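Asker: Have a look at this one.
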Amino acid sequence: MSGHKLVIKDALRQLFGRIVSALFGFVITKIIASYLGPLRYGDYGTIFRFFAWWTALVDFGIYVIAVKQLGQIKNTTYGEGENIPKPDADSELAMTYGKFVGMRAFLIFIIYTLAIVVAYLIPAYTSNPFIVRGLPLAMCYSASNMFAGIQQLPLQIFRKMKRLTWSLIIARFSQLFVLVPVVFLFFKNMNFEESGNPDSMAILAFTLVIFSVVASSIGQNVEIHLRTKDLLPLKIRFDFSFIKNLLSKNRKYGFSYFFSSFHTLLVLMFLGRFYPTASGFKYAGIWALALSLIEILLIVPSSLGNSLLHKIPHYSAENKKKSLGNLMLLVVWIGVVIAMNFWIFADDIIVFVSSQKFLGTWENFTSWGSNQILPFLGIVLVLSFIKQVYNYLFVALEKQNLLFEINLVGVLIGAGVGVRLIPTYGLMGGVITQILIELIFTLGAIGLGIRKQLTPQLPKKVGIQLLGILVFFALIGVGIHYYFYVRGVSMVRFFLVAGIFNLLLVAASLKAMKKVAKGLTND
């Protein structure tokens, strides 16, 4: 099978698993959001976004480095095929894998211990009985999820990501196994609107909802271990010289990766700080719901990028730029299509994944709901896709440390603007802050790429074709949104109109997209 087909096949396996997981995720989001309502969903989102901040520090960009390094060892020792003899436990590949897992376990222990201590020093958290009881469970989920993530490395390098599909499904079923009885059987019709002196049963129900997420990560860990042990034996190795050298060599990239995580965390942190749910504000919940849709979709460039990264290490610098240029076109096309859907069908999408409680109006900033936030986050999604491709390009060319200053500046400016705008303008201030941070990250990476001659080489002819198609369908989308489509009439009509629109768009783009897919590799 040709190289580009292997990359696409592996990426599609990942995407299929992620899409199946995402569909379950949408169902779970609807159950939780409808059950908790905007107020407590704000607490739910705040808890997990707090640990997501520390999760980026645990990851430190090491997964991408591990994919590249293990891919090189595997290709050099065993070739680029999918089916090879199982390596010995003392082989270089197995030992290096064990060192990466040991490094992840070490960082999990150190950083999450610090995280939980910091969490209980924040008055906005300790004064909220829902948050204060959910924090330890959220920490367990984050730690377990990060360990599951590093265990999937053999699936990545041996192109067995179709096995991950079952792991993700098992994780979702594990969560539903806990969630459904809580919501529909034992704790029905709970009142989550009381903030001052909440009912103890409401707090227990909220805690069990958090525990359902922990159950998902436990199920995923068990399933991934069972599916990877026959590919590559795991013996966890705590090699502190390996840890020290890797952290030292990639410290700028690691902190750059850490700072880049703020693009989805900073605004929600400020909303929780200036508009606490304990005081009855629903802004955090409204933002968290729209943000959850973005975070589910951010796996698109990572699935494609990880599949490509261990295929192209032996390419020349120019061929790497060509491969990443085609990747750029592919993910930007996907991102723009998603953003168009977010703008055209925002109301129905929000109702589909939650309830009418999360809807707002355009009358003024205080009446905004998740449906007003979602179109703007679609813009953020496209910018984030572009930024991720530059991230993979810099890693492929051993220039990953160059992103540190850009991401640091983006966080500092974004924090300064957010502190000014969010207390005054609420959700609108959050939108401006979010887009500004993403623009700084993305334009900074593009500018750095131009200055250092590290720009992806885009196939111009195909790019112009796709641009024309997207502009044409964007105009159709404007007509649908403003003149022909009545939102909120029925879910059947929503799926019918959205389905026809997207099928026509894909059909029109298919020929050009095949050329882009073929350009991912240079065989």
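Every chain in the structure tokens has a letter given in the order shown (A, B, ...), and although residue numbers restart at 1 in each chain, ligands are simply numbered from 1 in the order shown.
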Looking only at the backbone, which of the residues in stretch 329-502 of chain A does DSSP tag as alpha helix (DSSP H), as a PyMOL selection string?
Answerer: chain A and resi 329-344+346-353+370-396+404-425+427-451+460-479+491-502
Asker: Contacts of stretch 219-233 of chain A at 8 Å or less, counting only C-alpha atoms, minus same-chain residues fewer than 4 places along, as a ChimeraX atom specification?
Answerer: /A:86-89,94,144-145,147-148,151-152,154-155,158,163-164,166-168,170-171,174,215
Asker: Restrict the selected residues to N, CA and C atoms and save them as a tab-separated table (two decimals), in the first residue's frame.
Answerer:
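Result file again.tsv:
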chain	number	residue	atom	x	y	z
A	86	LYS	N	6.72	-9.66	17.18
A	86	LYS	CA	6.65	-8.92	18.43
A	86	LYS	C	8.06	-8.70	18.99
A	87	PRO	N	8.45	-7.45	19.23
A	87	PRO	CA	9.80	-7.18	19.76
A	87	PRO	C	9.98	-7.78	21.15
A	88	ASP	N	11.22	-8.13	21.48
A	88	ASP	CA	11.54	-8.64	22.81
A	88	ASP	C	11.43	-7.52	23.84
A	89	ALA	N	11.27	-7.93	25.10
A	89	ALA	CA	11.17	-6.94	26.18
A	89	ALA	C	12.45	-6.14	26.35
A	94	ALA	N	11.21	-1.61	22.86
A	94	ALA	CA	10.45	-1.86	24.08
A	94	ALA	C	11.03	-1.08	25.27
A	144	SER	N	-5.48	9.20	35.32
A	144	SER	CA	-5.75	7.93	34.64
A	144	SER	C	-5.79	8.12	33.12
A	145	ASN	N	-6.38	9.21	32.68
A	145	ASN	CA	-6.49	9.47	31.25
A	145	ASN	C	-5.12	9.71	30.62
A	147	PHE	N	-2.30	8.46	31.68
A	147	PHE	CA	-1.59	7.18	31.63
A	147	PHE	C	-2.10	6.33	30.46
A	148	ALA	N	-3.41	6.37	30.24
A	148	ALA	CA	-3.97	5.65	29.09
A	148	ALA	C	-3.42	6.20	27.78
A	151	GLN	N	0.02	4.88	26.98
A	151	GLN	CA	-0.02	3.44	26.70
A	151	GLN	C	-0.40	3.14	25.26
A	152	GLN	N	-1.02	4.10	24.57
A	152	GLN	CA	-1.47	3.82	23.21
A	152	GLN	C	-0.36	4.02	22.16
A	154	PRO	N	2.13	2.08	21.20
A	154	PRO	CA	2.30	0.95	20.27
A	154	PRO	C	1.24	0.93	19.17
A	155	LEU	N	0.01	1.29	19.51
A	155	LEU	CA	-1.04	1.35	18.49
A	155	LEU	C	-0.69	2.37	17.42
A	158	PHE	N	2.63	1.13	15.26
A	158	PHE	CA	2.38	-0.06	14.45
A	158	PHE	C	1.12	0.07	13.59
A	163	ARG	N	-7.74	-0.53	16.83
A	163	ARG	CA	-7.97	-1.15	18.15
A	163	ARG	C	-8.38	-0.11	19.18
A	164	LEU	N	-7.95	1.14	18.94
A	164	LEU	CA	-8.29	2.20	19.88
A	164	LEU	C	-9.79	2.47	19.89
A	166	TRP	N	-12.25	0.42	20.02
A	166	TRP	CA	-12.90	-0.36	21.07
A	166	TRP	C	-12.57	0.18	22.45
A	167	SER	N	-11.35	0.65	22.62
A	167	SER	CA	-10.96	1.22	23.91
A	167	SER	C	-11.81	2.45	24.22
A	168	LEU	N	-12.01	3.28	23.21
A	168	LEU	CA	-12.82	4.49	23.41
A	168	LEU	C	-14.28	4.14	23.67
A	170	ILE	N	-15.38	1.30	25.01
A	170	ILE	CA	-15.43	0.74	26.36
A	170	ILE	C	-15.43	1.85	27.40
A	171	ALA	N	-14.62	2.88	27.16
A	171	ALA	CA	-14.56	4.02	28.09
A	171	ALA	C	-15.92	4.70	28.20
A	174	SER	N	-18.38	2.50	30.03
A	174	SER	CA	-18.07	2.51	31.47
A	174	SER	C	-18.70	3.73	32.13
A	215	ALA	N	-14.83	6.51	35.92
A	215	ALA	CA	-15.09	5.15	35.47
A	215	ALA	C	-14.69	4.96	34.01
Asker: Once you count only C-alpha atoms, what closest atom pair and distance in Å to one decimal does each residue of stretch 250-366 of chain A within 6 Å of stretch 49-67 of chain A have, with rows by chain and rising residue number, as a Markdown table?
Answerer:
| residue | atom | partner | partner_atom | distance |
| --- | --- | --- | --- | --- |
| A:Gly254 | CA | A:Phe60 | CA | 4.2 |
| A:Tyr257 | CA | A:Gly61 | CA | 5.7 |
| A:Phe258 | CA | A:Ala56 | CA | 5.0 |
Asker: Pull C-alpha atoms from the residues just selected and write them as a CSV table (one decimal), in the first residue's frame.
Answerer:
chain,number,residue,atom,x,y,z
A,254,GLY,CA,7.3,21.6,26.5
A,257,TYR,CA,3.0,23.2,24.5
A,258,PHE,CA,1.9,24.1,28.0
Asker: With only C-alpha atoms as the counted atoms, please give the residues lying no more than 7 Å from A:Ala284, apart from itself and same-chain residues fewer than 5 positions off, as a list in words.
Answerer: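 Those residues are Gly42, Leu268, Leu271 and Gly272 of chain A.
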Asker: Taking only C-alpha atoms into account, which of A:Arg172, A:Arg40, A:Lys99, A:Lys282 comes nearest A:Ile28?
Answerer: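 That would be A:Arg172, the residue with the smallest distance to A:Ile28.
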Asker: Hey, what's within 10 Å of A:Val337 if we count only C-alpha atoms and toss same-chain stuff fewer than 5 positions away? As a ChimeraX atom specification, please?
Answerer: /A:331-332,342,378,382,470,473-474,502,505-506
Asker: Please produce a file of the residues just selected, as an mmCIF file, in the first residue's frame, where the atoms kept are N, CA and C atoms.
Answerer:
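The result, written out as again.cif:
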data_model
loop_
_atom_site.group_PDB
_atom_site.id
_atom_site.type_symbol
_atom_site.label_atom_id
_atom_site.label_comp_id
_atom_site.auth_asym_id
_atom_site.auth_seq_id
_atom_site.Cartn_x
_atom_site.Cartn_y
_atom_site.Cartn_z
ATOM 1 N N VAL A 331 -6.558 19.912 6.771
ATOM 2 C CA VAL A 331 -7.173 20.233 8.061
ATOM 3 C C VAL A 331 -7.872 21.593 8.029
ATOM 4 N N VAL A 332 -7.365 22.536 7.231
ATOM 5 C CA VAL A 332 -8.051 23.829 7.121
ATOM 6 C C VAL A 332 -9.400 23.646 6.434
ATOM 7 N N PHE A 342 -21.152 25.440 12.397
ATOM 8 C CA PHE A 342 -21.369 26.101 13.684
ATOM 9 C C PHE A 342 -22.116 27.418 13.509
ATOM 10 N N GLY A 378 -15.922 28.582 16.329
ATOM 11 C CA GLY A 378 -15.600 27.969 15.044
ATOM 12 C C GLY A 378 -14.392 28.633 14.400
ATOM 13 N N VAL A 382 -10.558 26.871 13.506
ATOM 14 C CA VAL A 382 -9.775 26.934 12.267
ATOM 15 C C VAL A 382 -8.361 27.435 12.551
ATOM 16 N N LEU A 470 -15.170 26.487 -1.073
ATOM 17 C CA LEU A 470 -15.581 26.906 0.271
ATOM 18 C C LEU A 470 -16.293 28.254 0.241
ATOM 19 N N PHE A 473 -19.866 27.697 -1.125
ATOM 20 C CA PHE A 473 -20.770 27.079 -0.152
ATOM 21 C C PHE A 473 -20.988 27.972 1.067
ATOM 22 N N ALA A 474 -20.031 28.840 1.362
ATOM 23 C CA ALA A 474 -20.249 29.812 2.439
ATOM 24 C C ALA A 474 -21.379 30.764 2.071
ATOM 25 N N ASN A 502 -23.870 19.412 3.682
ATOM 26 C CA ASN A 502 -22.520 18.864 3.849
ATOM 27 C C ASN A 502 -22.189 17.796 2.815
ATOM 28 N N LEU A 505 -21.222 19.652 -0.287
ATOM 29 C CA LEU A 505 -19.911 20.271 -0.097
ATOM 30 C C LEU A 505 -18.791 19.242 -0.240
ATOM 31 N N VAL A 506 -18.970 18.085 0.368
ATOM 32 C CA VAL A 506 -17.961 17.021 0.270
ATOM 33 C C VAL A 506 -17.839 16.530 -1.168
#
Asker: Could you tell me how far atom CA of A:Ser279 lies from atom CA of A:Gly37, in Å and to one decimal?
Answerer: 15.1 Å
Asker: How many Å separate atom CA of A:Lys235 from atom CA of A:Phe106?
Answerer: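 Between atom CA of A:Lys235 and atom CA of A:Phe106 the gap is 14.3 Å.
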Asker: Pick from A:Gly325, A:Ile373, A:Pro423, A:Asp348: nearest to A:Gly463, with only C-alpha atoms counted?
Answerer: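 Answer, going by the shortest atom-to-atom distance: A:Gly325.
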Asker: Under the rule that only C-alpha atoms are counted, which of A:Tyr483, A:Tyr283, A:Phe259, A:Phe206 is the nearest residue to A:Phe187?
Answerer: A:Phe206
Asker: So that I can see what lies close to A:Phe274, please list as an MDAnalysis selection string the residues with an atom at most 9 Å from it, counting only C-alpha atoms and leaving out residues fewer than 5 positions away in the same chain.
Answerer: chainID A and resid 269 422:423 426
Asker: When you look at A:Leu439 with a cut-off of 9 Å (counting only C-alpha atoms), what residues show up, excluding the ones that are within fewer than 3 positions of it in the same chain? I need them as number ranges by chain.
Answerer: A: 380, 383-384, 410, 434-436, 442-444
Asker: Find the residue from A:Val27, A:Ala33, A:Val389, A:Ile446 that sits nearest to A:Ala288; use only C-alpha atoms when measuring.
Answerer: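 Closest residue, counting only C-alpha atoms: A:Ala33.
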Asker: Excluding same-chain residues fewer than 6 positions from A:Gln372, what lies within 10 Å of it counting only C-alpha atoms, as a ChimeraX atom specification?
Answerer: /A:286-287,290,342-343,346-347,350,358-362,365,427-428,431
Asker: Next, dump the selected residues to file, keeping only N, CA and C atoms, as a PDB file, in the first residue's frame.
Answerer:
ATOM      1  N   ILE A 286     -22.318  28.126  30.262  1.00  0.00           N
ATOM      2  CA  ILE A 286     -22.630  28.444  28.866  1.00  0.00           C
ATOM      3  C   ILE A 286     -21.380  28.330  28.003  1.00  0.00           C
ATOM      4  N   TRP A 287     -20.274  28.879  28.501  1.00  0.00           N
ATOM      5  CA  TRP A 287     -19.017  28.813  27.757  1.00  0.00           C
ATOM      6  C   TRP A 287     -18.487  27.381  27.692  1.00  0.00           C
ATOM      7  N   ALA A 290     -20.163  25.150  24.885  1.00  0.00           N
ATOM      8  CA  ALA A 290     -19.671  25.431  23.527  1.00  0.00           C
ATOM      9  C   ALA A 290     -18.223  24.977  23.377  1.00  0.00           C
ATOM     10  N   PHE A 342     -21.152  25.440  12.397  1.00  0.00           N
ATOM     11  CA  PHE A 342     -21.369  26.101  13.684  1.00  0.00           C
ATOM     12  C   PHE A 342     -22.116  27.418  13.509  1.00  0.00           C
ATOM     13  N   TRP A 343     -21.854  28.128  12.417  1.00  0.00           N
ATOM     14  CA  TRP A 343     -22.520  29.410  12.197  1.00  0.00           C
ATOM     15  C   TRP A 343     -23.957  29.212  11.703  1.00  0.00           C
ATOM     16  N   ALA A 346     -26.093  26.821  14.617  1.00  0.00           N
ATOM     17  CA  ALA A 346     -25.673  26.932  16.023  1.00  0.00           C
ATOM     18  C   ALA A 346     -26.793  26.571  16.995  1.00  0.00           C
ATOM     19  N   ASP A 347     -27.989  27.121  16.794  1.00  0.00           N
ATOM     20  CA  ASP A 347     -29.096  26.880  17.729  1.00  0.00           C
ATOM     21  C   ASP A 347     -29.417  25.395  17.839  1.00  0.00           C
ATOM     22  N   ILE A 350     -26.657  23.240  19.574  1.00  0.00           N
ATOM     23  CA  ILE A 350     -26.655  23.378  21.036  1.00  0.00           C
ATOM     24  C   ILE A 350     -27.813  22.615  21.659  1.00  0.00           C
ATOM     25  N   PHE A 358     -29.563  26.289  27.545  1.00  0.00           N
ATOM     26  CA  PHE A 358     -28.274  26.858  27.149  1.00  0.00           C
ATOM     27  C   PHE A 358     -28.392  27.840  25.984  1.00  0.00           C
ATOM     28  N   LEU A 359     -29.603  28.042  25.474  1.00  0.00           N
ATOM     29  CA  LEU A 359     -29.802  28.975  24.373  1.00  0.00           C
ATOM     30  C   LEU A 359     -29.914  30.401  24.889  1.00  0.00           C
ATOM     31  N   GLY A 360     -29.451  31.344  24.079  1.00  0.00           N
ATOM     32  CA  GLY A 360     -29.565  32.761  24.404  1.00  0.00           C
ATOM     33  C   GLY A 360     -30.038  33.536  23.197  1.00  0.00           C
ATOM     34  N   THR A 361     -29.943  34.849  23.268  1.00  0.00           N
ATOM     35  CA  THR A 361     -30.339  35.712  22.158  1.00  0.00           C
ATOM     36  C   THR A 361     -29.225  36.716  21.879  1.00  0.00           C
ATOM     37  N   TRP A 362     -29.334  37.400  20.725  1.00  0.00           N
ATOM     38  CA  TRP A 362     -28.343  38.392  20.325  1.00  0.00           C
ATOM     39  C   TRP A 362     -28.690  39.791  20.832  1.00  0.00           C
ATOM     40  N   PHE A 365     -25.254  41.527  25.427  1.00  0.00           N
ATOM     41  CA  PHE A 365     -24.213  40.593  25.860  1.00  0.00           C
ATOM     42  C   PHE A 365     -24.655  39.728  27.036  1.00  0.00           C
ATOM     43  N   LEU A 427     -19.352  37.457  28.522  1.00  0.00           N
ATOM     44  CA  LEU A 427     -19.084  36.491  27.466  1.00  0.00           C
ATOM     45  C   LEU A 427     -18.493  37.140  26.221  1.00  0.00           C
ATOM     46  N   MET A 428     -18.923  38.360  25.906  1.00  0.00           N
ATOM     47  CA  MET A 428     -18.355  39.057  24.755  1.00  0.00           C
ATOM     48  C   MET A 428     -16.868  39.337  24.986  1.00  0.00           C
ATOM     49  N   VAL A 431     -15.079  36.169  24.259  1.00  0.00           N
ATOM     50  CA  VAL A 431     -14.927  35.913  22.822  1.00  0.00           C
ATOM     51  C   VAL A 431     -13.740  36.692  22.255  1.00  0.00           C
TER      52      VAL A 431
END
Asker: Which residues of stretch 408-453 of chain A come within 10 Å of stretch 394-403 of chain A, and for each one, what is the closest pair of atoms and their distance in Å to one decimal, counting only C-alpha atoms, sorted by chain and residue number, as JSON lines?
Answerer:
{"residue": "A:Leu408", "atom": "CA", "partner": "A:Leu403", "partner_atom": "CA", "distance": 8.6}
{"residue": "A:Phe441", "atom": "CA", "partner": "A:Leu403", "partner_atom": "CA", "distance": 8.8}
{"residue": "A:Gly444", "atom": "CA", "partner": "A:Leu403", "partner_atom": "CA", "distance": 8.4}
{"residue": "A:Ala445", "atom": "CA", "partner": "A:Leu403", "partner_atom": "CA", "distance": 6.9}
{"residue": "A:Leu448", "atom": "CA", "partner": "A:Leu402", "partner_atom": "CA", "distance": 8.1}
{"residue": "A:Gly449", "atom": "CA", "partner": "A:Phe394", "partner_atom": "CA", "distance": 8.6}
{"residue": "A:Lys452", "atom": "CA", "partner": "A:Leu402", "partner_atom": "CA", "distance": 9.7}
Asker: Which one of A:Ala143, A:Ile32, A:Val214, A:Ile344 sits closest to A:Pro375 if you count only C-alpha atoms?
Answerer: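 Closest residue, counting only C-alpha atoms: A:Ile344.
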Asker: So the first atom is atom CA of A:Ile379 and the second is atom CA of A:Ala138; what is the distance between them in Å, to one decimal place?
Answerer: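 About the pair atom CA of A:Ile379 and atom CA of A:Ala138: they are 29.2 Å apart.
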